[in-house]
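Colleague: A single structure is presented below for examination.
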Amino acid sequence: MHRGFGLARGGLRQYVETFVDMSKKVFVEYSRYPIAFIALFVQIFLIILLFIFSAFAFSSGEPGDPRVTTFAGMMAYGFVTNIFLSFTLWEVGFSIREEQVRGTLESLYLSPTNKFSNLLSRIFMILSWTTIMCAAGLGLVSVVMGGLPASNVGMGLLILVFTISGFLGLGFLFAGITIRLKETAQILVSFFQFFFMIFSAQFFPFSVLPQPVLDYISRWLPVSYAVDLFRTTLLGIPPELMPGNYWLEFLIVALFGIVSPVLGYFGYRAVERKARSAGTLGEY
């Protein structure tokens, strides 16, 4: 018997089994609320339609106008990063609060399961569903607009992988903040969701931002480089933040995807240990 774990065995198999079982749990929870799931899907398409009508406002009336397709692609690809960031913050970060409200968080931590697998499983189902919604949304925009620029798709997908990985780090960090702030964390998550939406220019070009905002805020946010590089790669245009240095911007995004999950998880564990020692982990 393993000391402190009874008959349980730590290791890769236990980590994978925990991840699979917790992912099944999340799937069952979503399946119990089909109306909410359908409403979420409809909401995504309504937002996509808003982008399409906005693009038509700049249309010259000529089919395949490159200005319109580029404008629509700028918003649509930025929307992909926005929705992944939003769902990561809510489903990883604030889901800890939902477990506290249900009264099940403490029992989860009393079990000998791997805590990282438990935390990571919260995002698996929603990322899978979000990927399907993004693909369907981009398909809708492409059909209505007569096509979207799609250059360097392989590179764009690689950048998206690093971007989502970096977002996971933010989600882990906010999960720790949720343990500390409880219900107040909902306000903080909403604030940062709109903060990144504006200052990382997820729905418009960076050139729209005032120069002081661009230089002193946007350029210091790794999320900004992830948004910029992902959509400009797919649009086939130079990056806006570093027009003459594509690979330096890629290095920033790659480091964001590698370092952010590590720092975010260590931050979460630090808050978690403090809450466990204070006896407030499962406190409503």
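Scheme for the structure tokens: letters A, B, ... for chains in order shown; per-chain residue numbers from 1; ligand numbers from 1 in order shown.
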May I have the residues within 7 Å of segment 94-97 of chain A as a PyMOL selection string, using only C-alpha atoms and disregarding those fewer than 4 positions away in the same chain?
Modeller: chain A and resi 89-90+101+175+178-179+182+186
Colleague: Find the residues near Gly73 of chain A: any atom within 9 Å, counting only C-alpha atoms, skip ones fewer than 4 places away on the same chain, and give them as a list of chain:residue names.
Modeller: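 Final neighbour list, sorted by chain and number: A:Val68, A:Thr69, A:Tyr77, A:Gly78, A:Leu138, A:Val141, A:Ser142, A:Leu148, A:Pro149, A:Ala150, A:Arg231, A:Leu234, A:Leu235.
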Colleague: I need the residues from that last selection saved to file as a PDB file, in the first residue's frame (with C-alpha atoms), if you can.
Modeller:
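Wrote it out as result23.pdb, contents follow:
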```
ATOM      1  CA  VAL A  68     -14.459  43.198 -46.888  1.00  0.00           C
ATOM      2  CA  THR A  69     -13.066  39.671 -46.643  1.00  0.00           C
ATOM      3  CA  TYR A  77     -10.301  35.017 -36.391  1.00  0.00           C
ATOM      4  CA  GLY A  78     -10.116  37.415 -33.451  1.00  0.00           C
ATOM      5  CA  LEU A 138     -15.996  30.398 -39.614  1.00  0.00           C
ATOM      6  CA  VAL A 141     -18.761  33.610 -42.448  1.00  0.00           C
ATOM      7  CA  SER A 142     -16.898  32.071 -45.373  1.00  0.00           C
ATOM      8  CA  LEU A 148     -12.219  34.060 -46.017  1.00  0.00           C
ATOM      9  CA  PRO A 149      -8.452  34.420 -46.445  1.00  0.00           C
ATOM     10  CA  ALA A 150      -6.850  31.226 -45.150  1.00  0.00           C
ATOM     11  CA  ARG A 231      -5.123  36.167 -37.397  1.00  0.00           C
ATOM     12  CA  LEU A 234      -4.272  33.221 -41.564  1.00  0.00           C
ATOM     13  CA  LEU A 235      -4.933  36.492 -43.387  1.00  0.00           C
TER      14      LEU A 235
END
```
Colleague: Run DSSP on the backbone and give me the residues of segment 33-268 of chain A it puts in helix (DSSP H, G or I), as a PyMOL selection string.
Modeller: chain A and resi 34-57+66-102+105-110+115-145+153-199+206-208+211-216+218-220+222-235+246-268
Colleague: Determine, counting only C-alpha atoms, which protein, DNA and RNA residues have an atom within 12 Å of an atom of Met74 of chain A; residues of the same chain fewer than 6 positions away are not included. Present the result as number ranges by chain.
Modeller: A: 51-52, 54-55, 66-68, 80-81, 138, 141, 148-150, 201-206, 227-237, 239-240
Colleague: Which is closest to Val42 of chain A among A:Ile123, A:Leu170, A:Ala275, A:Met133, if we use only C-alpha atoms?
Modeller: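 Answer, going by the shortest atom-to-atom distance: A:Met133.
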Colleague: Separation of atom CA of Gly137 of chain A and atom CA of Met197 of chain A, in Å?
Modeller: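 Rounded to one decimal, the two atoms are 18.5 Å apart.
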Colleague: How many Å separate atom CA of Ser190 of chain A from atom CA of Glu272 of chain A?
Modeller: 22.1 Å
Colleague: Report the closest atom pair, with its distance in Å rounded to one decimal, for each residue of segment 189-242 of chain A that has an atom no farther than 9 Å from segment 253-261 of chain A; count only C-alpha atoms, sort by chain and then rising residue number, and write it as CSV.
Modeller:
```
residue,atom,partner,partner_atom,distance
A:Pro222,CA,A:Phe256,CA,6.4
A:Val223,CA,A:Val253,CA,8.1
A:Tyr225,CA,A:Val253,CA,6.3
A:Ala226,CA,A:Val253,CA,5.5
A:Leu229,CA,A:Val253,CA,8.1
```
Colleague: Would you please work out which residue, of A:Thr131, A:Lys25, A:Tyr30, A:Ala278, is nearest to Val161 of chain A when using only C-alpha atoms?
Modeller: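 The closest residue to Val161 of chain A is A:Thr131.
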Colleague: Find the distance between atom CA of Leu85 of chain A and atom CA of Ile38 of chain A and write it in Å to one decimal.
Modeller: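 These two atoms are separated by 20.3 Å.
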